[in-house]
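Data block for coords_17.pdb (PDB, C-alpha atoms):
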```
ATOM      1  CA  MET A 526       0.000   0.000   0.000
ATOM      2  CA  ARG A 527       2.887   2.350   0.807
ATOM      3  CA  CYS A 528       4.328   1.734  -2.650
ATOM      4  CA  ILE A 529       1.028   2.662  -4.339
ATOM      5  CA  LYS A 530       0.801   5.905  -2.328
ATOM      6  CA  PHE A 531       4.404   6.730  -3.243
ATOM      7  CA  ILE A 532       3.782   6.128  -6.969
ATOM      8  CA  PHE A 533       0.559   8.165  -6.766
ATOM      9  CA  ALA A 534       2.460  11.048  -5.115
ATOM     10  CA  ILE A 535       5.119  10.952  -7.863
ATOM     11  CA  LEU A 536       2.442  11.006 -10.570
ATOM     12  CA  LEU A 537       0.757  14.028  -8.947
ATOM     13  CA  PHE A 538       4.119  15.760  -8.666
ATOM     14  CA  TYR A 539       4.816  15.068 -12.344
ATOM     15  CA  GLN A 540       1.357  16.179 -13.455
ATOM     16  CA  ALA A 541       1.701  19.449 -11.568
ATOM     17  CA  GLY A 542       4.554  20.292 -13.910
ATOM     18  CA  PHE A 543       7.442  20.042 -11.483
ATOM     19  CA  CYS A 544       9.180  17.274 -13.430
ATOM     20  CA  GLN A 545       8.134  18.189 -16.945
ATOM     21  CA  ASP A 546      10.673  19.479 -19.436
ATOM     22  CA  ASP A 547       9.806  22.960 -20.591
ATOM     23  CA  LYS A 548      10.693  23.157 -24.276
ATOM     24  CA  THR A 549      10.861  26.948 -24.298
ATOM     25  CA  ALA A 550      13.681  29.157 -23.149
ATOM     26  CA  ASN A 551      13.402  31.119 -19.940
ATOM     27  CA  ILE A 552      14.649  34.700 -20.427
ATOM     28  CA  GLN A 553      14.985  36.760 -17.241
ATOM     29  CA  VAL A 554      15.770  40.468 -17.325
ATOM     30  CA  LEU A 555      17.280  42.145 -14.277
ATOM     31  CA  THR A 556      17.189  45.913 -14.616
ATOM     32  CA  LYS A 557      18.459  48.750 -12.454
ATOM     33  CA  VAL A 558      18.403  52.506 -12.925
ATOM     34  CA  THR A 559      21.132  54.827 -11.673
ATOM     35  CA  PHE A 560      22.388  58.369 -11.831
ATOM     36  CA  LYS A 561      26.148  58.779 -11.352
ATOM     37  CA  GLU A 562      26.472  55.196 -10.067
ATOM     38  CA  THR A 563      23.756  55.704  -7.404
ATOM     39  CA  LEU A 564      20.559  53.649  -7.627
ATOM     40  CA  LEU A 565      17.495  55.783  -8.296
ATOM     41  CA  PRO A 566      14.048  55.432  -6.734
ATOM     42  CA  ASP A 567      10.754  56.873  -7.992
ATOM     43  CA  TYR A 568      10.689  56.043 -11.692
ATOM     44  CA  ASN A 569       8.448  54.070 -14.023
ATOM     45  CA  VAL A 570       9.288  51.084 -16.195
ATOM     46  CA  PHE A 571       7.055  50.060 -19.091
ATOM     47  CA  LEU A 572       7.418  46.756 -20.924
ATOM     48  CA  PHE A 573       5.947  46.795 -24.440
ATOM     49  CA  TYR A 574       5.307  43.889 -26.778
ATOM     50  CA  ASP A 575       3.544  44.137 -30.129
ATOM     51  CA  SER A 576       2.879  47.876 -29.613
ATOM     52  CA  HIS A 577       0.938  47.204 -26.416
ATOM     53  CA  THR A 578       1.907  47.617 -22.787
ATOM     54  CA  LYS A 579       2.597  44.143 -21.417
ATOM     55  CA  ASP A 580       3.611  45.331 -17.950
ATOM     56  CA  SER A 581       4.327  48.535 -16.093
ATOM     57  CA  LEU A 582       5.875  49.183 -12.727
ATOM     58  CA  ALA A 583       5.997  52.278 -10.563
ATOM     59  CA  ILE A 584       9.320  51.855  -8.777
ATOM     60  CA  THR A 585       9.552  53.539  -5.390
ATOM     61  CA  ASP A 586      12.542  51.767  -3.862
ATOM     62  CA  TYR A 587      16.184  51.185  -4.789
ATOM     63  CA  SER A 588      16.107  47.464  -5.564
ATOM     64  CA  PRO A 589      16.709  46.064  -9.080
ATOM     65  CA  LYS A 590      13.598  44.760 -10.860
ATOM     66  CA  HIS A 591      12.936  41.531 -12.772
ATOM     67  CA  PHE A 592      10.964  40.766 -15.937
ATOM     68  CA  SER A 593      10.345  37.445 -17.656
ATOM     69  CA  LEU A 594      10.367  37.449 -21.444
ATOM     70  CA  SER A 595       9.224  34.858 -23.955
ATOM     71  CA  PRO A 596      11.517  33.721 -26.755
ATOM     72  CA  ASN A 597      11.149  34.840 -30.388
ATOM     73  CA  LYS A 598       9.537  38.189 -29.678
ATOM     74  CA  LEU A 599      10.579  41.849 -29.862
ATOM     75  CA  TYR A 600      10.214  43.863 -26.652
ATOM     76  CA  THR A 601      10.748  47.471 -25.682
ATOM     77  CA  ILE A 602      11.550  48.526 -22.127
ATOM     78  CA  TYR A 603      10.969  52.220 -21.475
ATOM     79  CA  TYR A 604      12.338  54.012 -18.403
ATOM     80  CA  LYS A 605      10.851  57.317 -17.270
ATOM     81  CA  LYS A 606      11.446  59.523 -14.234
ATOM     82  CA  LYS A 607       9.569  62.761 -13.617
ATOM     83  CA  ASP A 608      11.335  65.776 -15.178
ATOM     84  CA  VAL A 609      14.011  63.520 -16.716
ATOM     85  CA  ALA A 610      14.289  62.496 -20.366
ATOM     86  CA  GLY A 611      13.183  58.885 -20.783
ATOM     87  CA  LYS A 612      15.221  56.093 -22.358
ATOM     88  CA  TYR A 613      14.281  52.848 -23.977
ATOM     89  CA  ILE A 614      15.947  49.590 -24.909
ATOM     90  CA  LEU A 615      14.930  47.088 -27.588
ATOM     91  CA  ILE A 616      15.267  43.391 -26.778
ATOM     92  CA  ASP A 617      14.983  40.859 -29.586
ATOM     93  CA  THR A 618      14.479  37.435 -27.986
ATOM     94  CA  LYS A 619      14.672  35.503 -31.261
ATOM     95  CA  LEU A 620      16.663  32.308 -30.689
ATOM     96  CA  PRO A 621      18.174  29.819 -33.136
ATOM     97  CA  THR A 622      16.016  26.724 -33.587
ATOM     98  CA  LYS A 623      18.831  24.557 -32.150
ATOM     99  CA  ILE A 624      18.501  26.176 -28.728
ATOM    100  CA  ALA A 625      16.264  24.024 -26.552
ATOM    101  CA  ALA A 626      15.046  24.808 -23.071
ATOM    102  CA  ARG A 627      17.713  26.986 -21.550
ATOM    103  CA  LYS A 628      17.754  29.776 -19.005
ATOM    104  CA  PHE A 629      19.110  33.174 -19.965
ATOM    105  CA  ARG A 630      19.711  36.239 -17.871
ATOM    106  CA  ILE A 631      19.949  39.756 -19.298
ATOM    107  CA  LEU A 632      21.395  42.433 -17.040
ATOM    108  CA  ILE A 633      20.424  46.005 -17.875
ATOM    109  CA  HIS A 634      21.970  49.000 -16.184
ATOM    110  CA  ILE A 635      20.516  52.259 -17.457
ATOM    111  CA  GLU A 636      21.483  55.762 -16.406
ATOM    112  CA  LEU A 637      18.836  58.485 -16.222
ATOM    113  CA  ASP A 638      20.395  61.929 -16.082
ATOM    114  CA  PRO A 639      18.307  64.830 -14.704
ATOM    115  CA  GLU A 640      20.515  67.191 -16.728
ATOM    116  CA  SER A 641      19.524  65.478 -19.994
ATOM    117  CA  SER A 642      16.096  67.109 -19.963
ATOM    118  CA  LYS A 643      17.839  70.488 -20.314
ATOM    119  CA  GLN A 644      19.715  69.379 -23.443
ATOM    120  CA  LYS A 645      18.290  69.694 -26.936
ATOM    121  CA  ILE A 646      18.761  65.973 -27.680
ATOM    122  CA  ASN A 647      15.583  63.944 -27.424
ATOM    123  CA  THR A 648      16.493  60.471 -26.179
ATOM    124  CA  ASP A 649      12.984  59.224 -27.044
ATOM    125  CA  ASP A 650      13.909  59.281 -30.751
ATOM    126  CA  PHE A 651      16.139  56.213 -30.671
ATOM    127  CA  PRO A 652      16.851  53.276 -28.371
ATOM    128  CA  SER A 653      19.743  53.612 -25.949
ATOM    129  CA  ALA A 654      20.664  50.008 -26.751
ATOM    130  CA  ILE A 655      19.570  46.960 -28.690
ATOM    131  CA  ILE A 656      19.975  43.538 -27.114
ATOM    132  CA  LYS A 657      19.761  40.267 -29.032
ATOM    133  CA  TYR A 658      21.095  36.716 -28.998
ATOM    134  CA  ASP A 659      24.740  36.504 -30.075
ATOM    135  CA  LEU A 660      25.753  33.245 -31.759
ATOM    136  CA  LYS A 661      29.419  33.651 -30.858
ATOM    137  CA  SER A 662      28.931  34.169 -27.100
ATOM    138  CA  ARG A 663      25.809  31.950 -27.031
ATOM    139  CA  ASN A 664      24.046  34.504 -24.858
ATOM    140  CA  PHE A 665      22.110  37.751 -25.087
ATOM    141  CA  GLU A 666      24.395  40.739 -25.691
ATOM    142  CA  TYR A 667      24.205  44.412 -26.554
ATOM    143  CA  VAL A 668      24.613  44.984 -30.294
ATOM    144  CA  LYS A 669      28.083  46.518 -30.119
ATOM    145  CA  ASP A 670      28.030  48.196 -33.552
ATOM    146  CA  TYR A 671      24.800  50.002 -32.712
ATOM    147  CA  HIS A 672      26.108  50.911 -29.262
ATOM    148  CA  LYS A 673      29.286  52.450 -30.761
ATOM    149  CA  GLN A 674      27.271  54.433 -33.307
ATOM    150  CA  ILE A 675      24.736  55.801 -30.863
ATOM    151  CA  HIS A 676      27.230  56.742 -28.140
ATOM    152  CA  ARG A 677      29.808  58.619 -30.206
TER     153      ARG A 677
END
```
Mind converting the file's structure to structure tokens?
Amino acid sequence: MRCIKFIFAILLFYQAGFCQDDKTANIQVLTKVTFKETLLPDYNVFLFYDSHTKDSLAITDYSPKHFSLSPNKLYTIYYKKKDVAGKYILIDTKLPTKIAARKFRILIHIELDPESSKQKINTDDFPSAIIKYDLKSRNFEYVKDYHKQIHR
């Protein structure tokens, strides 16, 4: 009887999804916002997918925030603080078909500068960075050519 209960418990555990293989990648984004290397509170983060807001957070503390992204989609993360020019980042989560279930972590550190709102440059016109899967490093990376061009 003990054996039957044990097998039944394992089947329930398996059915609940704890032992199942997930065939999709798990893409976690850890994001933090600073000004002059100091973490900033009181800003908003908007996650867009397919021209719609997927998630939005009003950040009031200093801790980094997490997002989960699905593979093979194009996301925009927009950062905005009152009286500060906003910035956004594009994340292309397209993965090669060879990549099976794998966990990825993307670390984003963005700087919001209160002085930027006084400048004539509008940072809303272009992304601060583009992130996509890099075949060479086998991980998500900033597109270095774009980064060099935009930050000259």
| said: Applying 12 Å and only C-alpha atoms, which residues near Ser588 of chain A remain after dropping the ones on its own chain fewer than 5 positions away? List them as an NGL selection string. | reply: :A and (555-559 or 563-568)
Output file for the residues above (C-alpha atoms, as a short mmCIF file (atom, residue, chain, number, x, y, z; two decimals), keeping the file's coordinate frame):
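Full text of again01.cif as output:
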```cif
data_model
loop_
_atom_site.label_atom_id
_atom_site.label_comp_id
_atom_site.auth_asym_id
_atom_site.auth_seq_id
_atom_site.Cartn_x
_atom_site.Cartn_y
_atom_site.Cartn_z
CA LEU A 555 17.28 42.14 -14.28
CA THR A 556 17.19 45.91 -14.62
CA LYS A 557 18.46 48.75 -12.45
CA VAL A 558 18.40 52.51 -12.92
CA THR A 559 21.13 54.83 -11.67
CA THR A 563 23.76 55.70 -7.40
CA LEU A 564 20.56 53.65 -7.63
CA LEU A 565 17.50 55.78 -8.30
CA PRO A 566 14.05 55.43 -6.73
CA ASP A 567 10.75 56.87 -7.99
CA TYR A 568 10.69 56.04 -11.69
#
```
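Once the PyMOL selection byres ((chain A and resi 611-614) around 7) is applied to this file, the selection holds A:Thr601, A:Ile602, A:Tyr603, A:Tyr604, A:Lys605, A:Lys606, A:Val609, A:Ala610, A:Leu615, A:Ile616, A:Thr648, A:Asp649, A:Pro652, A:Ser653, A:Ala654, A:Ile655.
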| message | Can you tell me which residues surround Ser581 of chain A at a distance of at most 10 Å, considering all atoms listed in the file, apart from same-chain residues fewer than 3 positions away, and format the answer as a ChimeraX atom specification? | response | /A:569-573,578,584,602-604
| remark: Residue with the minimum atom-to-atom distance to Gln553 of chain A, picked from A:Leu582, A:Val668, A:Ile624, A:Leu632 with only C-alpha atoms counted, is A:Leu632
| field | Nearest to Ile552 of chain A by atom-to-atom distance, counting all atoms listed in the file, from A:Lys619, A:Lys628, A:Lys607, A:Lys590 | value |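 Smallest separation from Ile552 of chain A among the options: A:Lys628.
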| message | Just the number, please: distance in Å from atom CA of Pro596 of chain A to atom CA of Glu636 of chain A, one decimal. | response |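 Atom CA of Glu636 of chain A lies 26.3 Å from atom CA of Pro596 of chain A.
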| query | Mind telling me what the PyMOL selection byres ((chain A and resi 659) around 12) catches here, as an NGL selection string? | reply | :A and (617-621 or 655-658 or 660-669)
| Distance atom CA of Lys561 of chain A-atom CA of Leu637 of chain A, one decimal place? |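 Atom CA of Lys561 of chain A sits 8.8 Å away from atom CA of Leu637 of chain A.
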| Hey, can you check how far atom CA of Val554 of chain A sits from atom CA of Glu640 of chain A? | 27.1 Å
| message | If the PyMOL selection byres ((chain A and resi 551) around 9) were run on this exact file, what residues would it hold? Put them as a PyMOL selection string. | response | chain A and resi 547+549-550+552-553+593-596+626-630
Could you put an axis-aligned box around every listed atom of segment 584-598 of chain A, padded by 8 Å on each side, and send me its centre and edge lengths in Å to one decimal, as JSON?
```
{"center_x": 13.0, "center_y": 43.6, "center_z": -17.1, "size_x": 23.5, "size_y": 35.8, "size_z": 42.5}
```
Since the input is missing atoms for segment 550-561 of chain A, could you rebuild it with all heavy atoms and give the result as a short mmCIF file (atom, residue, chain, number, x, y, z; two decimals), in the frame of the given file?
```cif
data_model
loop_
_atom_site.label_atom_id
_atom_site.label_comp_id
_atom_site.auth_asym_id
_atom_site.auth_seq_id
_atom_site.Cartn_x
_atom_site.Cartn_y
_atom_site.Cartn_z
N ALA A 550 12.63 28.50 -23.92
CA ALA A 550 13.68 29.16 -23.15
C ALA A 550 13.07 30.06 -22.09
O ALA A 550 11.95 30.55 -22.23
CB ALA A 550 14.57 29.98 -24.07
N ASN A 551 13.80 30.24 -21.02
CA ASN A 551 13.40 31.12 -19.94
C ASN A 551 14.35 32.32 -19.98
O ASN A 551 15.55 32.17 -19.75
CB ASN A 551 13.52 30.37 -18.61
CG ASN A 551 13.15 31.20 -17.43
OD1 ASN A 551 13.02 32.42 -17.52
ND2 ASN A 551 12.99 30.57 -16.29
N ILE A 552 13.83 33.50 -20.29
CA ILE A 552 14.65 34.70 -20.43
C ILE A 552 14.28 35.67 -19.31
O ILE A 552 13.18 36.21 -19.29
CB ILE A 552 14.45 35.35 -21.80
CG1 ILE A 552 14.74 34.34 -22.91
CG2 ILE A 552 15.34 36.59 -21.94
CD1 ILE A 552 14.25 34.74 -24.27
N GLN A 553 15.19 35.86 -18.37
CA GLN A 553 14.98 36.76 -17.24
C GLN A 553 15.76 38.05 -17.47
O GLN A 553 16.93 38.01 -17.86
CB GLN A 553 15.47 36.12 -15.95
CG GLN A 553 14.70 34.89 -15.55
CD GLN A 553 13.26 35.21 -15.22
OE1 GLN A 553 12.98 36.14 -14.48
NE2 GLN A 553 12.34 34.45 -15.78
N VAL A 554 15.12 39.17 -17.22
CA VAL A 554 15.77 40.47 -17.32
C VAL A 554 15.86 41.06 -15.92
O VAL A 554 14.86 41.15 -15.22
CB VAL A 554 14.98 41.42 -18.25
CG1 VAL A 554 15.60 42.80 -18.27
CG2 VAL A 554 14.89 40.86 -19.65
N LEU A 555 17.06 41.44 -15.54
CA LEU A 555 17.28 42.14 -14.28
C LEU A 555 17.68 43.56 -14.66
O LEU A 555 18.66 43.76 -15.39
CB LEU A 555 18.38 41.47 -13.47
CG LEU A 555 18.79 42.19 -12.18
CD1 LEU A 555 17.64 42.22 -11.19
CD2 LEU A 555 20.00 41.52 -11.56
N THR A 556 16.94 44.54 -14.20
CA THR A 556 17.19 45.91 -14.62
C THR A 556 17.35 46.83 -13.40
O THR A 556 16.65 46.66 -12.40
CB THR A 556 16.06 46.41 -15.55
OG1 THR A 556 16.33 47.72 -15.97
CG2 THR A 556 14.71 46.36 -14.89
N LYS A 557 18.29 47.75 -13.51
CA LYS A 557 18.46 48.75 -12.45
C LYS A 557 18.72 50.11 -13.11
O LYS A 557 19.27 50.20 -14.19
CB LYS A 557 19.58 48.37 -11.48
CG LYS A 557 20.96 48.36 -12.07
CD LYS A 557 21.99 47.99 -11.01
CE LYS A 557 23.38 48.01 -11.59
NZ LYS A 557 24.40 47.80 -10.58
N VAL A 558 18.29 51.15 -12.42
CA VAL A 558 18.40 52.51 -12.92
C VAL A 558 19.25 53.31 -11.96
O VAL A 558 19.03 53.28 -10.75
CB VAL A 558 17.01 53.15 -13.09
CG1 VAL A 558 17.12 54.60 -13.53
CG2 VAL A 558 16.19 52.36 -14.09
N THR A 559 20.23 54.04 -12.51
CA THR A 559 21.13 54.83 -11.67
C THR A 559 21.30 56.23 -12.24
O THR A 559 20.93 56.52 -13.37
CB THR A 559 22.54 54.18 -11.61
OG1 THR A 559 23.10 54.13 -12.91
CG2 THR A 559 22.49 52.80 -11.01
N PHE A 560 21.86 57.08 -11.41
CA PHE A 560 22.39 58.37 -11.83
C PHE A 560 23.72 58.55 -11.11
O PHE A 560 23.76 58.50 -9.88
CB PHE A 560 21.44 59.52 -11.49
CG PHE A 560 22.04 60.87 -11.77
CD1 PHE A 560 22.39 61.22 -13.05
CD2 PHE A 560 22.27 61.76 -10.74
CE1 PHE A 560 22.97 62.45 -13.31
CE2 PHE A 560 22.85 62.99 -10.99
CZ PHE A 560 23.19 63.34 -12.27
N LYS A 561 24.78 58.67 -11.89
CA LYS A 561 26.15 58.78 -11.35
C LYS A 561 26.45 57.65 -10.37
O LYS A 561 26.87 57.88 -9.24
CB LYS A 561 26.37 60.15 -10.71
CG LYS A 561 26.36 61.28 -11.72
CD LYS A 561 26.73 62.60 -11.09
CE LYS A 561 26.73 63.68 -12.15
NZ LYS A 561 27.06 64.99 -11.62
#
```
